[in-house]
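Worksheet: one structure, shown below.
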Amino acid sequence: MLRYLFLATLTNAWLLESFRQAPPPQAIVDARAIRDALRNAGYTSRALGARVLGGTPVAAAAAPTQVLRRTPEGRAPPRDDEVDALIALFALGLSVEKGELSAATYDAVAPLLAEDMTARCMVAPVGALRDTGDDLYILTDWPPEKRLITDEEPCMYLGPDSLALADLASSLAKGKRVADVCAGSGIQGLVATRAGAASIRWVEAEARAAAFCRLNGALNCVEGDVVVDRVNDVADGTYDLILANPPYVATPSSLSYDAFAAGGPDGYAVLCDVVTYASKHLAEDGLLACVFELNGPPETLFAKVALAWASGGAMHARCCVVHDVLTERTSPKAVAERRGGAQSEAWLANYREQNINCVANAVLLLGRTSGGGFDWAEGACGRAWAPPPSNVEARQAVDQALRWVRDV
């Protein structure tokens with residue numbers, strides 16, 4: 001079982017800036033030294049599960065809200081060993097004394113110890129997916145609501161959507177030419193590589209997120225191509241598997257919202273760009289796997305996806321969506337209250353205008369076919385983005401959808 005340790009921290013300007021473009025050799029050496037130091041010191045997903053979560057499997061800690069967070073000035077009682085100090089520093093956002101780390105560990109992780117680091121960034125430990133190997137170390141932002149400093153807008157964070165797609169990628173990528181579009185931290189591409197992908201390309205429009213893709217690749221000894229561009233402006237490449245986690249939140253045009261999440265008034269603007277990209281770049285029998293939110297009737301979604309697919313020059317495909325079972329929690333009113341707060345009426349008005357009668361977590365699978373037109377189907381399960389090991393039902397539903405898409 002592969003365990004992923006999601007290390008989130010703001011790297012200092014020198015380290016991150018080194019990865020804004022193709023990094024110099026020394027930056028790659030330094031990144032790998034960080035990984036080796038953390039691993040050798042015992043800062044692992046297993047340790048986080050045992051010490052922070054009271055023995056709860058690390059996979060159950062997918063949501064960042066499950067990890068205790070304090071201000072950078074917060075101090076815990078003296079820690080028992082270096083592992084406790086590293087967990088406090090990188091997972092809990094606490095201050096530690098320099099002497100709590102060995103000289104070797106401190107020297108290796110020094111590039112991560114930027115001022116106000118724990119106020120900007122987060123760690124979300126997640127455990128076993130479907131393949132084997134060592135921990136991955138993924139640097140990424142805190143979710144916006146958890147950040148104590150807001151001078152730089154976050155461009156990504158790890159949530160259950162990312163983890164659900166990573167879990168799926170680990171079962172699909174072996175031997176495949178893979179593109180990870182709207183890549184964020186690059187986690188899907190890294191998981192695909194660990195699962196045996198033949199090659200990986202990350203496509204990310206936000207330059208800072210692209211730098212994290214390169215840095216995370218170096219940290220985990222993965223080589224891949226990073227393209228900094230909007231997905232519908234990338235002209236080259238043919239892939240057997242395209243993975244995508246696009247901005248998908250149906251956002252009122254009158255309100256500002258996080259750029260990495262806002263998907264236009266209907267939530268489908270970037271998703272449709274991704275489908276058009278897949279139409280142009282998927283190989284014969286290739287597959288697009290995407291996480292998103294189902295906003296309203298499936299028929300509306302499939303009509304827009306079919307149009308986007310055709311606009312890329314393709315005609316034939318099978319498309320299936322697996323979404324959460326629709327309940328009161330997925331109702332527009334409930335979602336507007338969670339997301340909008342005092343502005344919930346503006347969210348509700350947008351939902352009414354867009355004919356959105358539900359907002360449900362979902363996985364889209366689209367396979368290129370040689371004939372048969374554009375066929376679609378849908379299915380539902382309790383939690384489409386449930387983390388391992390709670391995702392048995394979701395895996396079964398997605399596997400069934402895959403068999404239908406592949407017509408097997």
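Just so we're on the same page: first chain in the structure tokens is A, next is B, and so on; residues restart at 1 for each chain, and ligands are numbered from 1 in the order they show up.
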Using only C-alpha atoms, which residues of region 258-353 of chain A come within 10 Å of region 359-370 of chain A, and what is the closest atom pair for each, with the distance in Å to one decimal? Give it as a tab-separated table, sorted by chain and residue number.
residue	atom	partner	partner_atom	distance
A:Gly267	CA	A:Val359	CA	9.9
A:Leu271	CA	A:Leu364	CA	10.0
A:Val275	CA	A:Leu366	CA	8.5
A:Ala278	CA	A:Leu366	CA	8.9
A:Ser279	CA	A:Arg368	CA	7.9
A:Leu282	CA	A:Arg368	CA	7.2
A:Ala283	CA	A:Arg368	CA	7.7
A:Glu284	CA	A:Arg368	CA	6.2
A:Asp285	CA	A:Arg368	CA	5.1
A:Gly286	CA	A:Arg368	CA	5.6
A:Leu287	CA	A:Gly367	CA	4.5
A:Leu288	CA	A:Leu366	CA	5.1
A:Ala289	CA	A:Leu365	CA	4.8
A:Cys290	CA	A:Leu364	CA	5.1
A:Val291	CA	A:Val363	CA	4.5
A:Phe292	CA	A:Ala362	CA	5.5
A:Glu293	CA	A:Asn361	CA	4.7
A:Leu294	CA	A:Ala360	CA	5.1
A:Asn295	CA	A:Val359	CA	4.8
A:Gly296	CA	A:Val359	CA	6.6
A:Pro297	CA	A:Val359	CA	9.6
A:Val305	CA	A:Leu366	CA	9.6
A:Trp309	CA	A:Leu366	CA	9.8
A:Ala314	CA	A:Arg368	CA	8.4
A:Met315	CA	A:Thr369	CA	8.7
A:His316	CA	A:Thr369	CA	5.4
A:Ala317	CA	A:Arg368	CA	4.6
A:Arg318	CA	A:Gly367	CA	5.4
A:Cys319	CA	A:Leu366	CA	4.3
A:Cys320	CA	A:Leu365	CA	5.3
A:Val321	CA	A:Leu364	CA	4.5
A:Val322	CA	A:Val363	CA	5.3
A:His323	CA	A:Ala362	CA	4.0
A:Asp324	CA	A:Ala360	CA	5.6
A:Val325	CA	A:Ala360	CA	7.8
A:Leu326	CA	A:Ala360	CA	7.0
A:Thr327	CA	A:Ala360	CA	9.1
A:Arg329	CA	A:Val359	CA	8.7
A:Thr330	CA	A:Val359	CA	5.1
A:Ser331	CA	A:Val359	CA	6.4
A:Pro332	CA	A:Val359	CA	6.5
A:Lys333	CA	A:Val359	CA	9.8
A:Ala334	CA	A:Val359	CA	9.3
A:Val335	CA	A:Val359	CA	7.1
A:Ala336	CA	A:Val359	CA	9.6
A:Tyr351	CA	A:Val359	CA	9.4
Convert the current residue selection to file output with N, CA and C atoms, as a compact mmCIF listing (two decimals), in the first residue's frame.
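Below is the file selection-v8.txt, written as the result:
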# COMPACT_ATOMS: atom_id res chain seq x y z
N GLY A 267 -20.25 26.75 -13.36
CA GLY A 267 -19.24 25.84 -12.85
C GLY A 267 -18.56 25.00 -13.91
N LEU A 271 -14.08 23.13 -17.12
CA LEU A 271 -14.34 21.73 -17.43
C LEU A 271 -14.54 21.54 -18.93
N VAL A 275 -12.42 19.30 -21.67
CA VAL A 275 -13.01 18.31 -22.58
C VAL A 275 -12.58 18.59 -24.02
N ALA A 278 -9.09 17.42 -24.37
CA ALA A 278 -9.06 15.97 -24.49
C ALA A 278 -9.48 15.52 -25.88
N SER A 279 -10.45 16.20 -26.46
CA SER A 279 -10.88 15.87 -27.82
C SER A 279 -9.74 15.98 -28.82
N LEU A 282 -6.40 13.27 -26.87
CA LEU A 282 -6.49 11.88 -26.46
C LEU A 282 -6.17 10.95 -27.62
N ALA A 283 -5.39 9.92 -27.33
CA ALA A 283 -5.12 8.88 -28.32
C ALA A 283 -6.38 8.04 -28.54
N GLU A 284 -6.37 7.24 -29.59
CA GLU A 284 -7.48 6.32 -29.81
C GLU A 284 -7.64 5.42 -28.59
N ASP A 285 -8.86 5.27 -28.12
CA ASP A 285 -9.18 4.53 -26.90
C ASP A 285 -8.62 5.20 -25.64
N GLY A 286 -8.23 6.47 -25.74
CA GLY A 286 -7.74 7.18 -24.56
C GLY A 286 -8.87 7.56 -23.62
N LEU A 287 -8.49 7.98 -22.40
CA LEU A 287 -9.47 8.25 -21.34
C LEU A 287 -9.18 9.58 -20.67
N LEU A 288 -10.23 10.36 -20.44
CA LEU A 288 -10.18 11.55 -19.59
C LEU A 288 -10.83 11.20 -18.26
N ALA A 289 -10.12 11.45 -17.16
CA ALA A 289 -10.67 11.26 -15.81
C ALA A 289 -10.61 12.60 -15.10
N CYS A 290 -11.74 13.06 -14.61
CA CYS A 290 -11.84 14.43 -14.10
C CYS A 290 -12.72 14.44 -12.85
N VAL A 291 -12.32 15.23 -11.84
CA VAL A 291 -13.18 15.48 -10.69
C VAL A 291 -13.79 16.87 -10.84
N PHE A 292 -15.04 17.01 -10.40
CA PHE A 292 -15.73 18.28 -10.57
C PHE A 292 -16.98 18.24 -9.70
N GLU A 293 -17.80 19.28 -9.77
CA GLU A 293 -19.09 19.28 -9.11
C GLU A 293 -20.20 19.24 -10.15
N LEU A 294 -21.14 18.34 -9.95
CA LEU A 294 -22.33 18.28 -10.80
C LEU A 294 -23.27 19.39 -10.35
N ASN A 295 -23.49 20.36 -11.22
CA ASN A 295 -24.33 21.50 -10.91
C ASN A 295 -25.63 21.42 -11.71
N GLY A 296 -26.62 20.79 -11.12
CA GLY A 296 -27.90 20.69 -11.81
C GLY A 296 -28.08 19.37 -12.53
N PRO A 297 -29.08 19.28 -13.40
CA PRO A 297 -29.42 18.02 -14.05
C PRO A 297 -28.26 17.47 -14.88
N VAL A 305 -20.88 19.02 -22.38
CA VAL A 305 -19.69 18.20 -22.62
C VAL A 305 -19.66 17.72 -24.07
N TRP A 309 -16.71 18.53 -26.67
CA TRP A 309 -16.01 17.43 -27.33
C TRP A 309 -16.02 17.62 -28.85
N ALA A 314 -13.70 16.04 -32.46
CA ALA A 314 -14.06 14.64 -32.28
C ALA A 314 -15.57 14.49 -32.24
N MET A 315 -16.06 13.30 -32.54
CA MET A 315 -17.50 13.06 -32.55
C MET A 315 -17.90 11.93 -31.61
N HIS A 316 -17.10 10.87 -31.55
CA HIS A 316 -17.53 9.65 -30.88
C HIS A 316 -16.88 9.54 -29.50
N ALA A 317 -17.69 9.22 -28.50
CA ALA A 317 -17.18 9.05 -27.14
C ALA A 317 -18.24 8.38 -26.29
N ARG A 318 -17.78 7.83 -25.18
CA ARG A 318 -18.69 7.36 -24.13
C ARG A 318 -18.32 8.12 -22.86
N CYS A 319 -19.31 8.70 -22.22
CA CYS A 319 -19.07 9.57 -21.07
C CYS A 319 -19.97 9.13 -19.92
N CYS A 320 -19.38 8.94 -18.75
CA CYS A 320 -20.15 8.54 -17.58
C CYS A 320 -19.74 9.41 -16.39
N VAL A 321 -20.72 9.81 -15.61
CA VAL A 321 -20.49 10.60 -14.40
C VAL A 321 -20.98 9.80 -13.19
N VAL A 322 -20.12 9.72 -12.17
CA VAL A 322 -20.48 9.13 -10.88
C VAL A 322 -20.52 10.26 -9.87
N HIS A 323 -21.65 10.46 -9.22
CA HIS A 323 -21.80 11.58 -8.30
C HIS A 323 -22.36 11.12 -6.96
N ASP A 324 -22.26 12.00 -5.97
CA ASP A 324 -22.86 11.71 -4.67
C ASP A 324 -24.37 11.50 -4.82
N VAL A 325 -24.90 10.64 -3.97
CA VAL A 325 -26.35 10.53 -3.88
C VAL A 325 -26.91 11.89 -3.48
N LEU A 326 -27.96 12.33 -4.14
CA LEU A 326 -28.51 13.66 -3.88
C LEU A 326 -29.33 13.64 -2.60
N THR A 327 -28.97 14.54 -1.67
CA THR A 327 -29.63 14.64 -0.38
C THR A 327 -29.88 16.12 -0.08
N ARG A 329 -28.14 17.85 1.80
CA ARG A 329 -26.84 18.51 1.83
C ARG A 329 -26.42 19.00 0.45
N THR A 330 -26.88 18.36 -0.61
CA THR A 330 -26.52 18.78 -1.97
C THR A 330 -27.52 19.78 -2.56
N SER A 331 -28.49 20.21 -1.78
CA SER A 331 -29.48 21.17 -2.28
C SER A 331 -28.85 22.54 -2.45
N PRO A 332 -29.32 23.35 -3.40
CA PRO A 332 -28.76 24.69 -3.59
C PRO A 332 -28.78 25.53 -2.32
N LYS A 333 -29.85 25.44 -1.55
CA LYS A 333 -29.96 26.24 -0.33
C LYS A 333 -28.85 25.88 0.66
N ALA A 334 -28.64 24.57 0.87
CA ALA A 334 -27.62 24.14 1.82
C ALA A 334 -26.22 24.54 1.35
N VAL A 335 -25.94 24.38 0.06
CA VAL A 335 -24.62 24.73 -0.46
C VAL A 335 -24.41 26.24 -0.41
N ALA A 336 -25.43 27.01 -0.75
CA ALA A 336 -25.32 28.48 -0.71
C ALA A 336 -25.02 28.96 0.70
N TYR A 351 -27.73 30.18 -8.64
CA TYR A 351 -28.20 28.82 -8.87
C TYR A 351 -29.54 28.82 -9.62
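Interatomic distance, CA of Ser199 (chain A) against CA of Val178 (chain A): 6.0 Å.
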Residues within 9 Å of Ala198 (chain A), please, as an NGL selection string. Count only C-alpha atoms; anything in the same chain fewer than 2 positions from it doesn't count.
:A and (173-178 or 193 or 196 or 200)
Surrounding residues of Val222 (chain A) excluding itself and chain neighbours under 4 positions, 12 Å, only C-alpha atoms, as an NGL selection string
:A and (28 or 31-32 or 136-137 or 186-187 or 189-202 or 213-218 or 226)
DSSP-assigned strand (DSSP E) among region 154-301 of chain A, expressed as a PyMOL selection string:
chain A and resi 177-181+199-204+225-228+239-244+282-295
Residue selection dump (C-alpha atoms) as a PDB file, in the first residue's frame:
ATOM      1  CA  ARG A 177       1.341   8.604 -21.611  1.00  0.00           C
ATOM      2  CA  VAL A 178      -0.253  10.885 -19.021  1.00  0.00           C
ATOM      3  CA  ALA A 179      -1.152  14.575 -18.933  1.00  0.00           C
ATOM      4  CA  ASP A 180      -2.098  16.167 -15.601  1.00  0.00           C
ATOM      5  CA  VAL A 181      -3.996  19.347 -16.535  1.00  0.00           C
ATOM      6  CA  SER A 199       5.592   9.690 -19.285  1.00  0.00           C
ATOM      7  CA  ILE A 200       4.041  12.674 -17.541  1.00  0.00           C
ATOM      8  CA  ARG A 201       3.297  16.248 -18.575  1.00  0.00           C
ATOM      9  CA  TRP A 202       1.831  18.833 -16.209  1.00  0.00           C
ATOM     10  CA  VAL A 203      -0.273  21.662 -17.668  1.00  0.00           C
ATOM     11  CA  GLU A 204      -0.937  24.560 -15.285  1.00  0.00           C
ATOM     12  CA  ASP A 225       7.482  18.334 -18.591  1.00  0.00           C
ATOM     13  CA  VAL A 226       5.702  21.375 -17.093  1.00  0.00           C
ATOM     14  CA  VAL A 227       3.743  23.618 -19.466  1.00  0.00           C
ATOM     15  CA  VAL A 228       2.641  26.988 -18.086  1.00  0.00           C
ATOM     16  CA  TYR A 239      -1.956  11.044 -24.364  1.00  0.00           C
ATOM     17  CA  ASP A 240      -3.506   7.765 -23.332  1.00  0.00           C
ATOM     18  CA  LEU A 241      -4.752   9.254 -20.054  1.00  0.00           C
ATOM     19  CA  ILE A 242      -5.632  12.843 -19.166  1.00  0.00           C
ATOM     20  CA  LEU A 243      -6.224  13.689 -15.498  1.00  0.00           C
ATOM     21  CA  ALA A 244      -7.921  16.947 -14.564  1.00  0.00           C
ATOM     22  CA  LEU A 282      -6.488  11.881 -26.457  1.00  0.00           C
ATOM     23  CA  ALA A 283      -5.124   8.876 -28.318  1.00  0.00           C
ATOM     24  CA  GLU A 284      -7.480   6.316 -29.815  1.00  0.00           C
ATOM     25  CA  ASP A 285      -9.177   4.526 -26.897  1.00  0.00           C
ATOM     26  CA  GLY A 286      -7.738   7.184 -24.564  1.00  0.00           C
ATOM     27  CA  LEU A 287      -9.468   8.252 -21.344  1.00  0.00           C
ATOM     28  CA  LEU A 288     -10.177  11.549 -19.591  1.00  0.00           C
ATOM     29  CA  ALA A 289     -10.671  11.263 -15.809  1.00  0.00           C
ATOM     30  CA  CYS A 290     -11.845  14.428 -14.098  1.00  0.00           C
ATOM     31  CA  VAL A 291     -13.185  15.481 -10.690  1.00  0.00           C
ATOM     32  CA  PHE A 292     -15.732  18.284 -10.567  1.00  0.00           C
ATOM     33  CA  GLU A 293     -19.092  19.279  -9.112  1.00  0.00           C
ATOM     34  CA  LEU A 294     -22.326  18.283 -10.798  1.00  0.00           C
ATOM     35  CA  ASN A 295     -24.333  21.504 -10.905  1.00  0.00           C
TER      36      ASN A 295
END
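CA of Glu82 (chain A) lies 5.7 Å from CA of Leu101 (chain A).
Remark: for Gly264 (chain A), the closest of the candidate residues A:Ala377, A:Ala207, A:Ser185, A:Gln354 is A:Gln354 (distances computed over only C-alpha atoms).
CA of Tyr248 (chain A) lies 7.2 Å from CA of Val270 (chain A).
Closest approach to Asn245 (chain A) from the set A:Gly42, A:Gly49, A:Gly184, A:Gly372 is made by A:Gly184, with distances taken over only C-alpha atoms.
Distances to Leu16 (chain A) were evaluated for A:Val96, A:Leu113, A:Ala211, A:Leu86 using only C-alpha atoms, and the minimum falls at A:Ala211.
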